[in-house]
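Participant: For reference, the file work_12.txt (compact mmCIF, C-alpha atoms and all ligand atoms) is included below:
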# COMPACT_ATOMS: atom_id res chain seq x y z
CA MET A 275 -24.23 -10.98 -3.40
CA ILE A 276 -20.47 -11.37 -3.30
CA LYS A 277 -18.84 -10.04 -6.43
CA PRO A 278 -15.81 -11.85 -7.87
CA ILE A 279 -12.48 -10.52 -6.68
CA LYS A 280 -10.55 -8.56 -9.31
CA SER A 281 -7.79 -10.55 -10.96
CA TYR A 282 -4.07 -9.94 -10.64
CA SER A 283 -3.99 -8.87 -14.30
CA ASP A 284 -6.59 -6.20 -13.50
CA ALA A 285 -4.17 -4.96 -10.82
CA VAL A 286 -1.29 -4.96 -13.33
CA ALA A 287 -3.39 -2.91 -15.77
CA PHE A 288 -4.21 -0.43 -13.01
CA HIS A 289 -0.63 -0.15 -11.69
CA GLY A 290 1.10 -0.11 -15.08
CA HIS A 291 3.49 -3.01 -14.53
CA SER A 292 3.78 -6.30 -12.71
CA CYS A 293 6.18 -6.34 -9.76
CA PRO A 294 6.69 -8.25 -6.48
CA GLY A 295 5.32 -5.34 -4.43
CA LEU A 296 2.10 -5.29 -6.42
CA ALA A 297 1.76 -9.07 -6.07
CA LEU A 298 2.21 -8.79 -2.29
CA GLY A 299 -0.42 -6.06 -2.01
CA TYR A 300 -2.71 -8.14 -4.19
CA ARG A 301 -2.38 -11.18 -1.94
CA ALA A 302 -3.11 -9.13 1.18
CA ALA A 303 -6.21 -7.47 -0.30
CA GLU A 304 -7.51 -10.73 -1.77
CA TYR A 305 -7.11 -12.58 1.51
CA ALA A 306 -8.64 -9.72 3.50
CA LEU A 307 -11.73 -9.74 1.28
CA GLN A 308 -12.09 -13.51 1.57
CA ARG A 309 -11.64 -13.52 5.31
CA LEU A 310 -13.83 -10.53 6.06
CA ARG A 311 -16.27 -11.75 3.43
CA ALA A 312 -16.64 -8.17 2.47
CA ASP A 313 -17.68 -7.15 -0.95
CA ARG A 314 -15.44 -4.87 -2.88
CA SER A 315 -16.35 -1.66 -1.13
CA GLU A 316 -18.74 0.63 -2.94
CA ASP A 317 -19.92 2.51 0.10
CA GLU A 318 -16.93 2.87 2.38
CA ASP A 319 -17.74 -0.23 4.42
CA LEU A 320 -14.22 -1.46 3.95
CA VAL A 321 -11.39 0.73 5.14
CA ALA A 322 -7.73 0.09 4.38
CA ILE A 323 -4.96 1.63 6.41
CA VAL A 324 -1.66 1.42 4.56
CA GLU A 325 1.67 2.24 6.15
CA ASN A 326 3.70 2.88 3.00
CA ASP A 327 3.14 4.48 -0.38
CA ALA A 328 4.72 1.79 -2.55
CA CYS A 329 3.48 -0.47 -5.38
CA GLY A 330 1.37 -2.78 -3.19
CA VAL A 331 -1.01 0.04 -2.31
CA ASP A 332 -2.23 0.16 -5.92
CA ALA A 333 -3.39 -3.45 -5.70
CA ILE A 334 -5.20 -2.63 -2.47
CA GLN A 335 -6.98 0.32 -4.05
CA LEU A 336 -8.18 -1.79 -6.95
CA VAL A 337 -9.05 -5.03 -5.17
CA ALA A 338 -10.50 -3.61 -1.96
CA GLY A 339 -12.07 -0.58 -3.64
CA CYS A 340 -10.43 1.79 -1.19
CA SER A 341 -9.34 5.22 -2.33
CA VAL A 342 -8.16 8.47 -0.80
CA GLY A 343 -11.04 10.37 -2.42
CA LYS A 344 -13.67 8.14 -0.83
CA GLY A 345 -11.94 8.46 2.51
CA ASN A 346 -11.61 4.72 3.00
CA LEU A 347 -7.92 4.52 2.16
CA ILE A 348 -5.86 5.94 4.97
CA LEU A 349 -2.25 6.48 4.12
CA GLN A 350 0.07 6.62 7.09
CA ASP A 351 3.46 6.78 5.51
CA PHE A 352 5.46 5.04 8.22
CA GLY A 353 7.63 3.23 5.68
CA LYS A 354 6.33 -0.15 6.89
CA HIS A 355 4.95 -2.96 4.79
CA VAL A 356 1.89 -3.15 6.96
CA TYR A 357 -1.74 -3.15 5.84
CA THR A 358 -4.86 -3.15 7.99
CA PHE A 359 -8.31 -3.83 6.61
CA ILE A 360 -11.36 -2.89 8.63
CA ASP A 361 -14.85 -4.06 7.78
CA ARG A 362 -17.19 -1.52 9.28
CA LYS A 363 -20.22 -3.79 8.74
CA SER A 364 -18.96 -6.62 10.91
CA ASN A 365 -16.62 -4.41 12.95
CA ARG A 366 -13.67 -6.70 12.37
CA ALA A 367 -10.14 -5.84 11.40
CA ILE A 368 -7.18 -7.77 10.04
CA ARG A 369 -3.60 -6.55 10.11
CA PHE A 370 -0.97 -7.84 7.68
CA VAL A 371 2.69 -7.40 8.54
CA GLN A 372 5.02 -8.43 5.76
CA ARG A 373 7.59 -10.93 6.98
CA GLU A 374 10.91 -9.24 7.59
CA GLU A 375 13.16 -11.06 5.18
CA PRO A 376 12.64 -9.60 1.69
CA VAL A 377 10.48 -12.12 -0.17
CA ILE A 378 12.40 -11.82 -3.41
CA GLN A 379 15.61 -12.67 -1.53
CA ARG A 380 14.01 -15.73 0.02
CA ILE A 381 12.45 -17.01 -3.21
CA ASP A 382 15.36 -16.30 -5.52
CA PRO A 383 18.63 -14.83 -4.14
CA VAL A 384 20.04 -14.61 -7.69
CA ALA A 385 17.15 -12.41 -8.82
CA SER A 386 17.68 -10.30 -5.73
CA ALA A 387 21.38 -9.77 -6.54
CA LEU A 388 20.59 -9.00 -10.17
CA ARG A 389 17.98 -6.48 -9.06
CA GLU A 390 20.72 -4.38 -7.42
CA LYS A 391 22.69 -4.33 -10.66
CA VAL A 392 19.65 -3.48 -12.77
CA MET A 393 18.64 -0.67 -10.39
CA ASN A 394 22.16 0.78 -10.45
CA GLY A 395 22.22 0.63 -14.24
CA LYS A 396 25.18 -1.76 -14.12
CA ALA A 397 23.52 -4.82 -15.65
CA THR A 398 24.39 -6.05 -19.14
CA SER A 399 21.47 -6.69 -21.48
CA ALA A 400 21.82 -10.44 -20.87
CA GLU A 401 21.61 -9.80 -17.13
CA GLN A 402 18.59 -7.57 -17.60
CA LYS A 403 16.85 -10.29 -19.55
CA GLU A 404 17.72 -12.88 -16.91
CA PHE A 405 16.43 -10.54 -14.23
CA GLN A 406 13.09 -10.05 -16.03
CA GLU A 407 12.63 -13.82 -16.34
CA ARG A 408 13.56 -14.49 -12.74
CA GLN A 409 11.43 -11.62 -11.49
CA SER A 410 8.32 -12.91 -13.25
CA ALA A 411 8.95 -16.35 -11.74
CA VAL A 412 9.24 -14.68 -8.31
CA ILE A 413 5.91 -12.93 -8.91
CA ASP A 414 4.26 -16.23 -9.90
CA THR A 415 5.57 -17.77 -6.68
CA ILE A 416 4.25 -14.87 -4.58
CA LEU A 417 0.83 -15.30 -6.16
CA LYS A 418 0.76 -19.00 -5.18
CA MET A 419 2.60 -19.10 -1.85
CA PRO A 420 0.72 -19.78 1.38
CA ILE A 421 -0.29 -16.36 2.69
CA ASP A 422 1.28 -17.08 6.10
CA GLU A 423 4.71 -17.27 4.49
CA LEU A 424 4.28 -13.74 3.17
CA PHE A 425 2.59 -12.00 6.08
CA ILE A 426 2.03 -12.28 9.79
CA ILE A 427 -1.75 -11.94 9.98
CA ARG A 428 -3.71 -11.05 13.09
CA GLU A 429 -7.22 -9.97 13.87
CA VAL A 430 -6.97 -6.63 15.66
CA LYS A 431 -9.29 -4.14 17.27
CA PRO A 432 -10.96 -2.14 14.52
CA GLU A 433 -9.67 1.36 15.07
CA ILE A 434 -10.02 3.94 12.36
CA PRO A 435 -7.78 6.96 12.83
CA VAL A 436 -10.05 9.93 13.35
CA ARG A 437 -9.97 12.47 10.61
CA ALA A 438 -12.05 15.61 10.65
CA LYS A 439 -13.74 16.17 7.33
CA ILE A 440 -13.71 19.96 7.17
CA PHE A 441 -10.77 22.14 7.97
CA ALA A 442 -10.47 25.87 8.16
CA SER A 443 -8.13 27.34 5.58
CA VAL A 444 -5.49 29.96 6.12
CA GLN A 445 -3.54 31.99 3.62
CA CYS A 446 0.15 31.35 3.14
CA ALA A 447 2.08 34.53 3.94
CA ILE A 448 4.61 33.77 1.20
CA CYS A 449 2.78 32.48 -1.90
CA GLY A 450 -0.70 33.74 -0.98
CA GLU A 451 -2.34 30.38 -1.68
CA MET A 452 -4.90 28.93 0.69
CA VAL A 453 -3.89 25.93 2.77
CA ALA A 454 -5.80 23.74 5.25
CA GLU A 455 -4.98 24.95 8.72
CA HIS A 456 -3.77 21.57 9.99
CA ARG A 457 -1.27 21.41 7.12
CA ALA A 458 0.06 24.93 7.55
CA ARG A 459 3.30 25.74 9.30
CA VAL A 460 4.13 28.80 11.34
CA ARG A 461 7.23 30.84 10.43
CA ASP A 462 7.97 34.08 12.26
CA GLY A 463 4.45 34.06 13.64
CA LYS A 464 2.82 33.77 10.20
CA PHE A 465 1.10 30.88 8.48
CA VAL A 466 2.98 29.42 5.53
CA CYS A 467 2.28 26.37 3.38
CA MET A 468 4.62 23.37 3.49
CA PRO A 469 6.39 24.05 0.18
CA CYS A 470 7.08 27.65 1.25
CA SER A 471 8.24 26.57 4.69
CA GLY A 472 11.06 24.64 3.06
CA GLU A 473 9.79 21.22 4.02
CA TYR A 474 10.35 18.93 1.12
CA GLY A 475 8.49 15.89 2.36
CA ARG A 476 5.56 14.56 0.39
CA GLY A 477 3.19 16.13 2.84
CA TRP A 478 2.07 12.98 4.63
ZN ZN A 501 5.39 -1.66 -9.06
ZN ZN A 502 3.08 29.10 0.22
Can the structure in the file be given as structure tokens, please?
Facilitator:
Amino acid sequence: MIKPIKSYSDAVAFHGHSCPGLALGYRAAEYALQRLRADRSEDEDLVAIVENDACGVDAIQLVAGCSVGKGNLILQDFGKHVYTFIDRKSNRAIRFVQREEPVIQRIDPVASALREKVMNGKATSAEQKEFQERQSAVIDTILKMPIDELFIIREVKPEIPVRAKIFASVQCAICGEMVAEHRARVRDGKFVCMPCSGEYGRGW
């Protein structure tokens, strides 16, 4: 039995706020479920590969039921607004590439300009209010727009990046904490963890 797809307000509750990024992720996940006719995944049948770690990913987690802990959300932080959904049952995959021109800019250039000001803390309270109103109109538009105007959508070969489940651990020579071998770095011939090696990335 196909369960109803979670609503956008469920996604807002999960994410903590409504924003264009969340709305975009919501549309992708909703469409993927409809097209793959997959249920919200309870048993890892549906795999999502996300290529950024921004707001939209939260909608995908909620709507598609994919999470890092279950192993069916694969985060490849390439900084791209690209999402691939793989249905392991039917062995089909759909890839969503967000259209290049920022959607908010296309829908409402004024909101886009105001956004800059708000982000830089340079907006007056009247401008902030105007931005909020325009932004929620932009979100409403995203939720109703034809999906093809938001994403380039293609069926692709279902390829799940291989990930070994169990890794050996090594001890960091600096802090003494254990770290999975494939995440460790080597400094002066000794294993060290990423924070101790001076790499300040987020570890992905
Ligand atoms: Zn957000
Ligand atoms: Zn360390």
Participant: Given the point (-2.5, -14.3, 5.1) in the file's coordinates, find the residues that have an atom at most 12 Å from it, counting all atoms listed in the file, and give them as a ChimeraX atom specification.
Facilitator: /A:298-310,357-358,368-373,416-429
Participant: Step by step, measure atom-to-atom distances between ligand ZN 502 (chain A) and each residue using all atoms listed in the file, keep those at most 9 Å, then write them as a list in words.
Facilitator: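 Protein and nucleic-acid residues within 9 Å of ligand ZN 502 (chain A): Gln445, Cys446, Ala447, Ile448, Cys449, Gly450, Glu451, Met452, Val453, Ala458, Phe465, Val466, Cys467, Met468, Pro469, Cys470 and Ser471 of chain A.
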Participant: Restrict the calculation to all atoms listed in the file, then for each residue of chain A with any atom at most 9 Å from an atom of ligand ZN 501 (chain A) give the closest atom pair and their distance in Å to one decimal, rows by chain and rising residue number, as JSON lines.
Facilitator:
{"residue": "A:Val286", "atom": "CA", "partner": "A:ZN501", "partner_atom": "ZN", "distance": 8.6}
{"residue": "A:His289", "atom": "CA", "partner": "A:ZN501", "partner_atom": "ZN", "distance": 6.7}
{"residue": "A:Gly290", "atom": "CA", "partner": "A:ZN501", "partner_atom": "ZN", "distance": 7.6}
{"residue": "A:His291", "atom": "CA", "partner": "A:ZN501", "partner_atom": "ZN", "distance": 5.9}
{"residue": "A:Ser292", "atom": "CA", "partner": "A:ZN501", "partner_atom": "ZN", "distance": 6.1}
{"residue": "A:Cys293", "atom": "CA", "partner": "A:ZN501", "partner_atom": "ZN", "distance": 4.8}
{"residue": "A:Pro294", "atom": "CA", "partner": "A:ZN501", "partner_atom": "ZN", "distance": 7.2}
{"residue": "A:Gly295", "atom": "CA", "partner": "A:ZN501", "partner_atom": "ZN", "distance": 5.9}
{"residue": "A:Leu296", "atom": "CA", "partner": "A:ZN501", "partner_atom": "ZN", "distance": 5.6}
{"residue": "A:Ala297", "atom": "CA", "partner": "A:ZN501", "partner_atom": "ZN", "distance": 8.8}
{"residue": "A:Ala328", "atom": "CA", "partner": "A:ZN501", "partner_atom": "ZN", "distance": 7.4}
{"residue": "A:Cys329", "atom": "CA", "partner": "A:ZN501", "partner_atom": "ZN", "distance": 4.3}
{"residue": "A:Gly330", "atom": "CA", "partner": "A:ZN501", "partner_atom": "ZN", "distance": 7.2}
{"residue": "A:Asp332", "atom": "CA", "partner": "A:ZN501", "partner_atom": "ZN", "distance": 8.4}
Participant: How would the residues just chosen look if you wrote them out with C-alpha atoms as a PDB file, keeping the file's coordinate frame?
Facilitator:
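Okay, this is what ended up in selection-v4.pdb:
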ATOM      1  CA  VAL A 286      -1.290  -4.960 -13.330  1.00  0.00           C
ATOM      2  CA  HIS A 289      -0.630  -0.150 -11.690  1.00  0.00           C
ATOM      3  CA  GLY A 290       1.100  -0.110 -15.080  1.00  0.00           C
ATOM      4  CA  HIS A 291       3.490  -3.010 -14.530  1.00  0.00           C
ATOM      5  CA  SER A 292       3.780  -6.300 -12.710  1.00  0.00           C
ATOM      6  CA  CYS A 293       6.180  -6.340  -9.760  1.00  0.00           C
ATOM      7  CA  PRO A 294       6.690  -8.250  -6.480  1.00  0.00           C
ATOM      8  CA  GLY A 295       5.320  -5.340  -4.430  1.00  0.00           C
ATOM      9  CA  LEU A 296       2.100  -5.290  -6.420  1.00  0.00           C
ATOM     10  CA  ALA A 297       1.760  -9.070  -6.070  1.00  0.00           C
ATOM     11  CA  ALA A 328       4.720   1.790  -2.550  1.00  0.00           C
ATOM     12  CA  CYS A 329       3.480  -0.470  -5.380  1.00  0.00           C
ATOM     13  CA  GLY A 330       1.370  -2.780  -3.190  1.00  0.00           C
ATOM     14  CA  ASP A 332      -2.230   0.160  -5.920  1.00  0.00           C
TER      15      ASP A 332
END
Participant: Identify the residues around (20.4, -11.2, -8.0) within a radius of 12 Å, measuring from only C-alpha atoms in the coordinates stated by the file, and give them as a PyMOL selection string.
Facilitator: chain A and resi 378-393+397+401-402+404-409+412
Participant: Between A:Asp361, A:Glu433, A:Asp284, A:Glu374, which one has atoms that come closest to Leu320 (chain A), using all atoms listed in the file?
Facilitator: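 Among the listed residues, the smallest separation from Leu320 (chain A) belongs to A:Asp361.
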Participant: Using all atoms listed in the file, which residue out of A:Asp462, A:Val377, A:Val324, A:His456 lies closest to Thr415 (chain A)?
Facilitator: A:Val377
Participant: What is the distance, in Å and to one decimal place, between CA of Lys277 (chain A) and CA of Gly339 (chain A)?
Facilitator: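 CA of Gly339 (chain A) lies at a distance of 12.0 Å from CA of Lys277 (chain A).
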Participant: For CA of Asn394 (chain A) and CA of Asn326 (chain A), determine how far apart the two atoms are, in Å to one decimal place.
Facilitator: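 Answer for the CA of Asn394 (chain A) to CA of Asn326 (chain A) separation: 22.9 Å.
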Participant: Using the file's own x, y and z axes, what box holds all listed atoms of region 443-450 of chain A with 8 Å on each side, keeping edges along x, y and z, and what are its centre and edge lengths in Å to one decimal, as lines of an AutoDock Vina configuration file?
Facilitator:
center_x = -1.8
center_y = 30.9
center_z = 2.1
size_x = 28.7
size_y = 23.2
size_z = 24.0
Participant: Grab the CA of Val321 (chain A) to CA of Phe359 (chain A) distance for me, in Å with one decimal place.
Facilitator: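 Result for CA of Val321 (chain A) versus CA of Phe359 (chain A): 5.7 Å, one decimal.
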